[in-house]
$ cat coords.txt   # compact mmCIF, C-alpha atoms
# COMPACT_ATOMS: atom_id res chain seq x y z
CA MET A 1 169.34 121.17 130.53
CA GLU A 2 165.62 120.97 129.78
CA LYS A 3 164.40 117.91 127.91
CA ILE A 4 161.03 117.72 126.23
CA TYR A 5 159.38 114.33 125.78
CA GLU A 6 156.58 113.76 123.28
CA THR A 7 154.67 110.60 122.40
CA ALA A 8 154.15 110.15 118.66
CA HIS A 9 151.14 107.89 118.14
CA ALA A 10 150.62 105.82 115.01
CA LYS A 11 147.33 106.02 113.13
CA ILE A 12 145.04 103.70 111.24
CA ASN A 13 142.38 104.53 108.69
CA LEU A 14 138.92 103.32 109.67
CA GLY A 15 137.78 104.47 106.25
CA LEU A 16 139.75 105.68 103.24
CA ASP A 17 138.03 106.80 100.04
CA VAL A 18 139.62 108.47 97.02
CA LEU A 19 137.25 110.80 95.18
CA GLY A 20 139.43 111.82 92.26
CA LYS A 21 142.57 113.61 91.06
CA ARG A 22 143.10 117.26 91.96
CA PRO A 23 144.56 119.97 89.69
CA ASP A 24 147.61 120.16 92.01
CA GLY A 25 148.44 116.52 91.35
CA TYR A 26 147.25 115.23 94.72
CA HIS A 27 144.19 113.03 95.11
CA GLU A 28 141.00 114.26 96.76
CA VAL A 29 140.40 111.97 99.72
CA ARG A 30 137.73 111.49 102.36
CA MET A 31 138.86 109.38 105.26
CA VAL A 32 138.36 108.74 108.95
CA MET A 33 141.66 108.60 110.80
CA GLN A 34 142.21 107.11 114.26
CA SER A 35 145.16 107.32 116.66
CA ILE A 36 146.40 104.10 118.24
CA GLY A 37 148.60 103.26 121.19
CA LEU A 38 151.62 102.03 119.19
CA SER A 39 153.98 105.00 119.42
CA ASP A 40 157.47 106.43 119.11
CA THR A 41 159.10 108.52 121.82
CA VAL A 42 160.53 111.86 120.69
CA THR A 43 163.04 113.62 122.94
CA ILE A 44 164.06 117.22 122.25
CA GLU A 45 166.78 119.26 123.95
CA GLU A 46 169.02 122.19 123.13
CA GLY A 47 172.06 121.37 121.02
CA GLU A 48 174.50 122.76 118.48
CA GLY A 49 172.81 123.08 115.13
CA LEU A 50 169.91 120.84 114.14
CA THR A 51 170.52 117.12 114.61
CA VAL A 52 168.21 114.12 114.55
CA GLU A 53 169.27 110.77 116.01
CA THR A 54 167.33 107.53 115.52
CA ASP A 55 167.65 104.12 117.10
CA HIS A 56 166.56 102.32 113.91
CA GLY A 57 169.24 101.36 111.41
CA GLY A 58 166.82 101.68 108.50
CA LEU A 59 165.97 105.31 109.23
CA ALA A 60 168.35 108.18 108.53
CA GLY A 61 168.29 111.24 110.75
CA GLY A 62 169.37 113.92 108.26
CA PRO A 63 167.52 116.61 106.30
CA ASP A 64 165.32 114.01 104.54
CA ASN A 65 163.79 112.97 107.87
CA LEU A 66 160.36 114.55 108.47
CA ALA A 67 161.30 115.33 112.07
CA TRP A 68 164.28 117.37 110.83
CA LYS A 69 162.07 119.16 108.28
CA ALA A 70 159.48 119.95 110.96
CA ALA A 71 162.08 121.55 113.22
CA ALA A 72 163.54 123.58 110.36
CA LEU A 73 160.11 124.76 109.23
CA LEU A 74 158.98 125.84 112.70
CA ALA A 75 162.29 127.65 113.28
CA ARG A 76 161.94 129.58 110.01
CA SER A 77 158.34 130.46 110.74
CA CYS A 78 159.10 132.00 114.13
CA GLY A 79 162.58 133.42 113.47
CA LYS A 80 164.45 130.94 115.67
CA THR A 81 167.83 129.31 115.10
CA PRO A 82 167.16 125.56 115.46
CA ASN A 83 169.93 124.63 117.89
CA VAL A 84 168.23 121.44 118.98
CA HIS A 85 169.00 117.74 119.22
CA ILE A 86 166.07 115.41 118.51
CA ARG A 87 166.11 111.72 119.37
CA LEU A 88 163.57 109.29 117.89
CA ASN A 89 163.01 105.99 119.70
CA LYS A 90 161.10 104.02 117.10
CA LYS A 91 158.36 101.48 117.79
CA ILE A 92 156.09 102.28 114.82
CA PHE A 93 156.88 100.08 111.83
CA LEU A 94 158.63 101.90 108.96
CA ALA A 95 156.90 102.56 105.60
CA ALA A 96 153.85 100.83 106.97
CA GLY A 97 150.77 102.99 106.33
CA LEU A 98 150.75 103.98 110.02
CA ALA A 99 152.03 107.59 109.65
CA GLY A 100 155.14 106.95 111.76
CA GLY A 101 157.23 109.67 110.13
CA SER A 102 154.29 112.06 110.08
CA SER A 103 153.60 111.48 113.76
CA ASP A 104 157.27 112.07 114.64
CA ALA A 105 157.15 115.38 112.72
CA ALA A 106 153.97 116.43 114.53
CA ALA A 107 155.58 115.53 117.87
CA VAL A 108 158.55 117.75 117.01
CA LEU A 109 156.19 120.66 116.29
CA ARG A 110 154.43 120.13 119.63
CA GLY A 111 157.69 119.68 121.52
CA LEU A 112 159.44 122.74 120.08
CA ASN A 113 156.31 124.76 120.73
CA ARG A 114 156.84 123.87 124.40
CA LEU A 115 160.65 124.19 124.44
CA TRP A 116 160.61 127.60 122.77
CA ARG A 117 157.47 128.71 124.65
CA LEU A 118 155.79 129.83 121.45
CA ASN A 119 152.22 129.38 122.75
CA MET A 120 151.03 128.29 119.31
CA THR A 121 147.59 126.69 119.15
CA ALA A 122 146.82 123.31 117.64
CA ALA A 123 145.33 125.13 114.64
CA ASP A 124 148.58 127.10 114.20
CA LEU A 125 150.63 123.90 114.27
CA GLU A 126 148.25 122.10 111.90
CA LYS A 127 148.56 124.91 109.37
CA LEU A 128 152.35 124.59 109.44
CA ALA A 129 152.12 120.79 109.36
CA ALA A 130 150.14 120.92 106.10
CA GLU A 131 153.26 122.33 104.42
CA LEU A 132 155.14 119.15 105.30
CA GLY A 133 152.73 116.33 104.45
CA SER A 134 149.10 115.29 104.22
CA ASP A 135 148.96 113.14 107.40
CA ILE A 136 150.92 115.50 109.64
CA PRO A 137 148.09 117.94 110.48
CA PHE A 138 146.02 115.04 111.85
CA CYS A 139 148.95 113.80 113.91
CA VAL A 140 149.30 117.14 115.74
CA THR A 141 146.43 116.19 118.07
CA GLY A 142 145.25 112.86 116.62
CA GLY A 143 142.24 111.15 118.15
CA THR A 144 139.39 110.51 115.72
CA ALA A 145 138.89 112.86 112.77
CA LEU A 146 137.46 113.22 109.29
CA ALA A 147 140.22 114.23 106.85
CA GLU A 148 139.31 115.76 103.50
CA GLY A 149 141.04 117.59 100.66
CA ARG A 150 144.45 115.95 100.37
CA GLY A 151 144.11 114.98 104.04
CA GLU A 152 144.82 118.37 105.60
CA ARG A 153 141.21 119.55 106.14
CA LEU A 154 140.24 118.10 109.50
CA THR A 155 136.95 117.82 111.34
CA ALA A 156 137.04 116.38 114.86
CA LEU A 157 134.71 113.42 115.36
CA PRO A 158 133.34 111.72 118.49
CA GLU A 159 135.89 109.36 120.00
CA ALA A 160 135.80 105.83 118.65
CA PRO A 161 134.87 103.03 121.04
CA LYS A 162 138.02 101.55 122.54
CA LEU A 163 139.06 98.81 120.14
CA LEU A 164 141.60 96.06 120.81
CA LEU A 165 143.84 95.76 117.75
CA VAL A 166 146.42 93.38 116.30
CA LEU A 167 148.78 94.96 113.75
CA ALA A 168 150.77 92.92 111.24
CA LYS A 169 153.22 94.22 108.64
CA PRO A 170 154.94 92.00 106.08
CA LYS A 171 158.66 92.58 105.48
CA LEU A 172 158.16 94.87 102.52
CA GLU A 173 157.84 98.60 102.00
CA VAL A 174 155.11 100.28 99.99
CA ALA A 175 155.62 103.80 98.63
CA THR A 176 152.51 105.94 99.12
CA GLY A 177 153.19 107.83 95.89
CA TRP A 178 153.29 104.59 93.92
CA VAL A 179 149.97 103.43 95.38
CA TYR A 180 148.16 106.67 94.57
CA GLY A 181 149.84 106.82 91.17
CA ASN A 182 148.44 103.39 90.30
CA PHE A 183 144.97 103.95 91.78
CA ARG A 184 142.11 103.45 89.30
CA GLN A 185 138.49 104.05 90.22
CA ASP A 186 137.31 101.19 87.98
CA LYS A 187 139.41 98.70 89.97
CA VAL A 188 137.66 99.45 93.30
CA GLY A 189 135.44 96.55 94.39
CA SER A 190 133.83 98.16 97.43
CA ARG A 191 134.04 101.53 99.12
CA PRO A 192 133.87 102.56 102.76
CA ASP A 193 130.70 104.26 103.96
CA ILE A 194 132.33 107.37 105.44
CA ASP A 195 128.99 108.90 106.44
CA GLY A 196 128.06 105.56 108.03
CA ILE A 197 131.30 105.61 110.06
CA ILE A 198 130.55 109.14 111.27
CA LYS A 199 126.99 108.18 112.24
CA ALA A 200 128.24 105.09 114.10
CA LEU A 201 130.78 107.22 115.98
CA GLU A 202 128.04 109.68 116.95
CA GLN A 203 125.95 106.78 118.26
CA GLY A 204 128.84 104.89 119.87
CA ALA A 205 127.83 101.83 117.85
CA ALA A 206 130.88 99.58 117.39
CA ALA A 207 129.19 96.95 115.18
CA GLU A 208 127.83 99.58 112.79
CA LEU A 209 131.23 101.27 112.78
CA LEU A 210 133.03 98.16 111.59
CA ALA A 211 130.34 97.43 109.02
CA SER A 212 131.02 100.81 107.41
CA CYS A 213 134.84 100.63 107.31
CA GLY A 214 136.90 100.08 104.18
CA ASN A 215 139.93 101.19 102.18
CA VAL A 216 139.88 101.68 98.40
CA LEU A 217 143.70 101.57 98.25
CA GLU A 218 143.52 97.82 98.88
CA SER A 219 142.60 97.63 95.18
CA VAL A 220 146.18 98.71 94.35
CA THR A 221 148.35 97.28 97.11
CA ILE A 222 146.82 93.80 97.51
CA PRO A 223 147.20 92.74 93.84
CA ALA A 224 150.86 93.80 94.02
CA HIS A 225 151.42 92.09 97.39
CA PRO A 226 148.99 89.15 97.85
CA VAL A 227 150.44 88.42 101.29
CA ILE A 228 148.26 91.29 102.58
CA ALA A 229 145.12 89.37 101.61
CA GLU A 230 146.61 86.26 103.24
CA ILE A 231 147.18 88.18 106.48
CA LYS A 232 143.58 89.42 106.47
CA GLN A 233 142.25 85.90 105.84
CA LYS A 234 144.31 84.40 108.68
CA MET A 235 143.22 87.14 111.08
CA LEU A 236 139.55 86.60 110.32
CA ALA A 237 139.87 82.80 110.50
CA ALA A 238 141.49 83.18 113.94
CA GLY A 239 138.49 85.09 115.26
CA ALA A 240 139.02 88.75 114.35
CA LYS A 241 135.78 90.73 114.06
CA TYR A 242 137.26 92.79 111.25
CA ALA A 243 140.53 93.18 109.31
CA LEU A 244 141.64 95.98 107.00
CA MET A 245 144.78 97.40 105.43
CA SER A 246 145.77 100.79 106.87
CA GLY A 247 146.58 103.69 104.57
CA SER A 248 148.53 102.69 101.49
CA GLY A 249 149.74 99.58 103.32
CA PRO A 250 151.17 97.15 103.83
CA THR A 251 150.17 96.97 107.52
CA VAL A 252 146.88 95.20 108.30
CA PHE A 253 144.96 95.78 111.51
CA ALA A 254 142.50 93.34 113.05
CA VAL A 255 139.83 94.16 115.62
CA ALA A 256 139.66 91.54 118.38
CA GLU A 257 137.08 91.07 121.15
CA SER A 258 139.48 89.72 123.77
CA LYS A 259 143.11 89.11 124.66
CA GLU A 260 142.51 85.42 123.98
CA ILE A 261 141.54 86.21 120.40
CA THR A 262 144.59 88.47 119.96
CA ALA A 263 146.72 85.53 121.05
CA SER A 264 144.95 83.27 118.53
CA ILE A 265 145.53 85.81 115.76
CA LEU A 266 149.22 86.13 116.59
CA THR A 267 149.58 82.35 116.62
CA ALA A 268 147.89 82.09 113.22
CA LEU A 269 150.36 84.60 111.79
CA THR A 270 153.55 82.95 113.07
CA GLU A 271 154.25 81.09 109.82
CA LEU A 272 154.50 84.42 107.98
CA ASP A 273 157.50 86.74 108.32
CA LEU A 274 155.83 89.75 109.94
CA GLU A 275 156.28 92.60 112.38
CA THR A 276 153.39 92.45 114.84
CA ALA A 277 152.01 94.47 117.74
CA VAL A 278 148.94 94.48 119.98
CA THR A 279 147.50 97.88 120.82
CA THR A 280 144.25 99.87 121.19
CA THR A 281 142.67 103.01 119.87
CA VAL A 282 143.54 106.13 121.89
CA GLN A 283 142.12 109.62 122.41
CA LYS A 284 143.47 112.89 121.08
CA GLU A 285 146.43 114.88 122.45
CA ARG A 286 145.88 118.06 124.46
CA ILE A 287 147.92 121.13 123.54
$ encode --input "coords.txt" --output "structure tokens"
Amino acid sequence: MEKIYETAHAKINLGLDVLGKRPDGYHEVRMVMQSIGLSDTVTIEEGEGLTVETDHGGLAGGPDNLAWKAAALLARSCGKTPNVHIRLNKKIFLAAGLAGGSSDAAAVLRGLNRLWRLNMTAADLEKLAAELGSDIPFCVTGGTALAEGRGERLTALPEAPKLLLVLAKPKLEVATGWVYGNFRQDKVGSRPDIDGIIKALEQGAAAELLASCGNVLESVTIPAHPVIAEIKQKMLAAGAKYALMSGSGPTVFAVAESKEITASILTALTELDLETAVTTTVQKERI
């Protein structure tokens, strides 16, 4: 029996700006998204009915799972009966601001496109993905991209320089809806320079890239969870070139110049109760 394997990469936000509230209730965003090596493995094979199995006790595999929803949506769109079994081997932290569920859903779309030999393009899959969630269109191919609108309007950008990253997530979960619901423009201290990020990517200038990064959602999540600021401070004190919360949080990523500095950062974080990982930025998927 044929098995399809897909790698579902996590993402970080190099820059995340919120421009305002939209008539549809979503927020208008402008952000630069970047795929990273931390990833889940998604296995798809024929089965009886639609089933999703996970190896993480905190993640259900039923109809509320984005991977399940992705399979059901693609089946409806192409007139298929979704007799498939999907297995998620999780490495991406849950509810972390790393798009783990979104990336799993995108991997299911890619994998079923192969299993069912649909020959859909990346653009076809991204259009479907936008019906499921704002981060999922990016996760279809990933890489480095400008995301606008509610996150579904994508413009491919030059690949980011390869960055060595340390990720750290405190043992708490942050609901994206709550963060956006509590966002207030007058509480933002500093904003990312999205155009500056794009220019730095075009020039391959890592220092200028980091100088332009930022995330306005820190203004909501950090006051509610001060440990995020503590993580950033410890990372920088241990030698990180830069540290920033990803997405709506609570994961923080640090940019390190060497494996020795990643080790120093991890050591500095040991007194906190965290999930941690060392990874790098990665390039986009080919479909």
$ closest_residue --input "coords.txt" --among "A:Ala229, A:Leu125, A:Ile287, A:Leu217" --to "Val29 of chain A" --atoms "only C-alpha atoms"
A:Leu217
$ closest_residue --input "coords.txt" --among "A:Leu73, A:Ala147, A:Ala206, A:Ala67" --to "Val108 of chain A" --atoms "all atoms listed in the file"
A:Ala67
$ closest_residue --input "coords.txt" --among "A:Thr251, A:Ala200, A:Lys284, A:Asp17" --to "Ala122 of chain A" --atoms "only C-alpha atoms"
A:Lys284
$ closest_residue --input "coords.txt" --among "A:Leu154, A:Leu201, A:Met1, A:Ala8" --to "Ala105 of chain A" --atoms "all atoms listed in the file"
A:Ala8
$ residues_around --input "coords.txt" --residues "segment 163-178 of chain A" --least-positions-apart "6" --cutoff "7 Å" --atoms "only C-alpha atoms" --output "list in words"
Ala95, Ala96, Ser248, Gly249, Pro250, Thr251, Val252, Phe253, Ala254, Val255, Ala256, Glu257, Thr262, Asp273, Leu274, Glu275, Thr276, Ala277, Val278, Thr279, Thr280 and Thr281 of chain A
$ residues_near_point --input "coords.txt" --point "(146.2, 103.5, 93.9)" --cutoff "9 Å" --atoms "all atoms listed in the file" --output "mmCIF file with C-alpha atoms, in the frame of the given file"
data_model
loop_
_atom_site.group_PDB
_atom_site.id
_atom_site.type_symbol
_atom_site.label_atom_id
_atom_site.label_comp_id
_atom_site.auth_asym_id
_atom_site.auth_seq_id
_atom_site.Cartn_x
_atom_site.Cartn_y
_atom_site.Cartn_z
ATOM 1 C CA VAL A 18 139.620 108.470 97.020
ATOM 2 C CA THR A 176 152.510 105.940 99.120
ATOM 3 C CA GLY A 177 153.190 107.830 95.890
ATOM 4 C CA TRP A 178 153.290 104.590 93.920
ATOM 5 C CA VAL A 179 149.970 103.430 95.380
ATOM 6 C CA TYR A 180 148.160 106.670 94.570
ATOM 7 C CA GLY A 181 149.840 106.820 91.170
ATOM 8 C CA ASN A 182 148.440 103.390 90.300
ATOM 9 C CA PHE A 183 144.970 103.950 91.780
ATOM 10 C CA ARG A 184 142.110 103.450 89.300
ATOM 11 C CA GLN A 185 138.490 104.050 90.220
ATOM 12 C CA VAL A 216 139.880 101.680 98.400
ATOM 13 C CA LEU A 217 143.700 101.570 98.250
ATOM 14 C CA GLU A 218 143.520 97.820 98.880
ATOM 15 C CA SER A 219 142.600 97.630 95.180
ATOM 16 C CA VAL A 220 146.180 98.710 94.350
ATOM 17 C CA THR A 221 148.350 97.280 97.110
ATOM 18 C CA SER A 248 148.530 102.690 101.490
#
$ atom_distance --input "coords.txt" --atom1 "atom CA of Glu152 of chain A" --atom2 "atom CA of Ala130 of chain A"
5.9 Å
$ closest_residue --input "coords.txt" --among "A:Leu112, A:Ser264, A:Lys91, A:Met31" --to "Thr155 of chain A" --atoms "all atoms listed in the file"
A:Met31
$ closest_residue --input "coords.txt" --among "A:Leu115, A:Ala70, A:Met33, A:Val42" --to "Lys90 of chain A" --atoms "all atoms listed in the file"
A:Val42
$ residues_around --input "coords.txt" --residues "Leu19 of chain A" --least-positions-apart "5" --cutoff "10 Å" --atoms "only C-alpha atoms" --output "PyMOL selection string"
chain A and resi 27-30+148-149+185
$ decode --input "coords.txt" --residues "segment 35-77 of chain A" --atoms "C-alpha atoms" --output "PDB file, in the first residue's frame"
ATOM      1  CA  SER A  35      10.204  28.470   7.352  1.00  0.00           C
ATOM      2  CA  ILE A  36      12.520  26.745   9.815  1.00  0.00           C
ATOM      3  CA  GLY A  37      13.929  23.255  10.157  1.00  0.00           C
ATOM      4  CA  LEU A  38      11.873  22.215  13.202  1.00  0.00           C
ATOM      5  CA  SER A  39       9.196  20.019  11.642  1.00  0.00           C
ATOM      6  CA  ASP A  40       6.508  17.378  12.003  1.00  0.00           C
ATOM      7  CA  THR A  41       6.339  14.281   9.827  1.00  0.00           C
ATOM      8  CA  VAL A  42       2.986  13.631   8.155  1.00  0.00           C
ATOM      9  CA  THR A  43       2.277  10.143   6.787  1.00  0.00           C
ATOM     10  CA  ILE A  44      -0.737   9.520   4.551  1.00  0.00           C
ATOM     11  CA  GLU A  45      -2.066   6.199   3.279  1.00  0.00           C
ATOM     12  CA  GLU A  46      -5.365   4.746   2.134  1.00  0.00           C
ATOM     13  CA  GLY A  47      -7.736   3.729   4.903  1.00  0.00           C
ATOM     14  CA  GLU A  48     -11.384   3.294   5.811  1.00  0.00           C
ATOM     15  CA  GLY A  49     -13.002   6.668   6.275  1.00  0.00           C
ATOM     16  CA  LEU A  50     -10.998   9.702   7.349  1.00  0.00           C
ATOM     17  CA  THR A  51      -8.833   9.197  10.422  1.00  0.00           C
ATOM     18  CA  VAL A  52      -6.049  11.250  11.962  1.00  0.00           C
ATOM     19  CA  GLU A  53      -3.653   9.756  14.505  1.00  0.00           C
ATOM     20  CA  THR A  54      -1.193  11.804  16.570  1.00  0.00           C
ATOM     21  CA  ASP A  55       1.673  10.815  18.824  1.00  0.00           C
ATOM     22  CA  HIS A  56       1.096  13.759  21.178  1.00  0.00           C
ATOM     23  CA  GLY A  57      -1.284  13.278  24.090  1.00  0.00           C
ATOM     24  CA  GLY A  58      -2.262  16.944  24.068  1.00  0.00           C
ATOM     25  CA  LEU A  59      -3.460  16.911  20.465  1.00  0.00           C
ATOM     26  CA  ALA A  60      -6.705  15.278  19.377  1.00  0.00           C
ATOM     27  CA  GLY A  61      -6.962  13.742  15.928  1.00  0.00           C
ATOM     28  CA  GLY A  62     -10.670  14.247  15.221  1.00  0.00           C
ATOM     29  CA  PRO A  63     -12.650  16.722  13.101  1.00  0.00           C
ATOM     30  CA  ASP A  64     -11.284  19.704  15.067  1.00  0.00           C
ATOM     31  CA  ASN A  65      -7.743  18.923  13.910  1.00  0.00           C
ATOM     32  CA  LEU A  66      -6.624  21.124  10.998  1.00  0.00           C
ATOM     33  CA  ALA A  67      -5.117  18.104   9.233  1.00  0.00           C
ATOM     34  CA  TRP A  68      -8.534  16.401   9.287  1.00  0.00           C
ATOM     35  CA  LYS A  69     -10.212  19.582   8.009  1.00  0.00           C
ATOM     36  CA  ALA A  70      -7.654  19.900   5.201  1.00  0.00           C
ATOM     37  CA  ALA A  71      -8.302  16.351   3.998  1.00  0.00           C
ATOM     38  CA  ALA A  72     -12.074  16.834   4.126  1.00  0.00           C
ATOM     39  CA  LEU A  73     -11.867  20.139   2.257  1.00  0.00           C
ATOM     40  CA  LEU A  74      -9.651  18.799  -0.528  1.00  0.00           C
ATOM     41  CA  ALA A  75     -11.870  15.728  -0.914  1.00  0.00           C
ATOM     42  CA  ARG A  76     -14.991  17.881  -1.257  1.00  0.00           C
ATOM     43  CA  SER A  77     -13.302  20.194  -3.731  1.00  0.00           C
TER      44      SER A  77
END
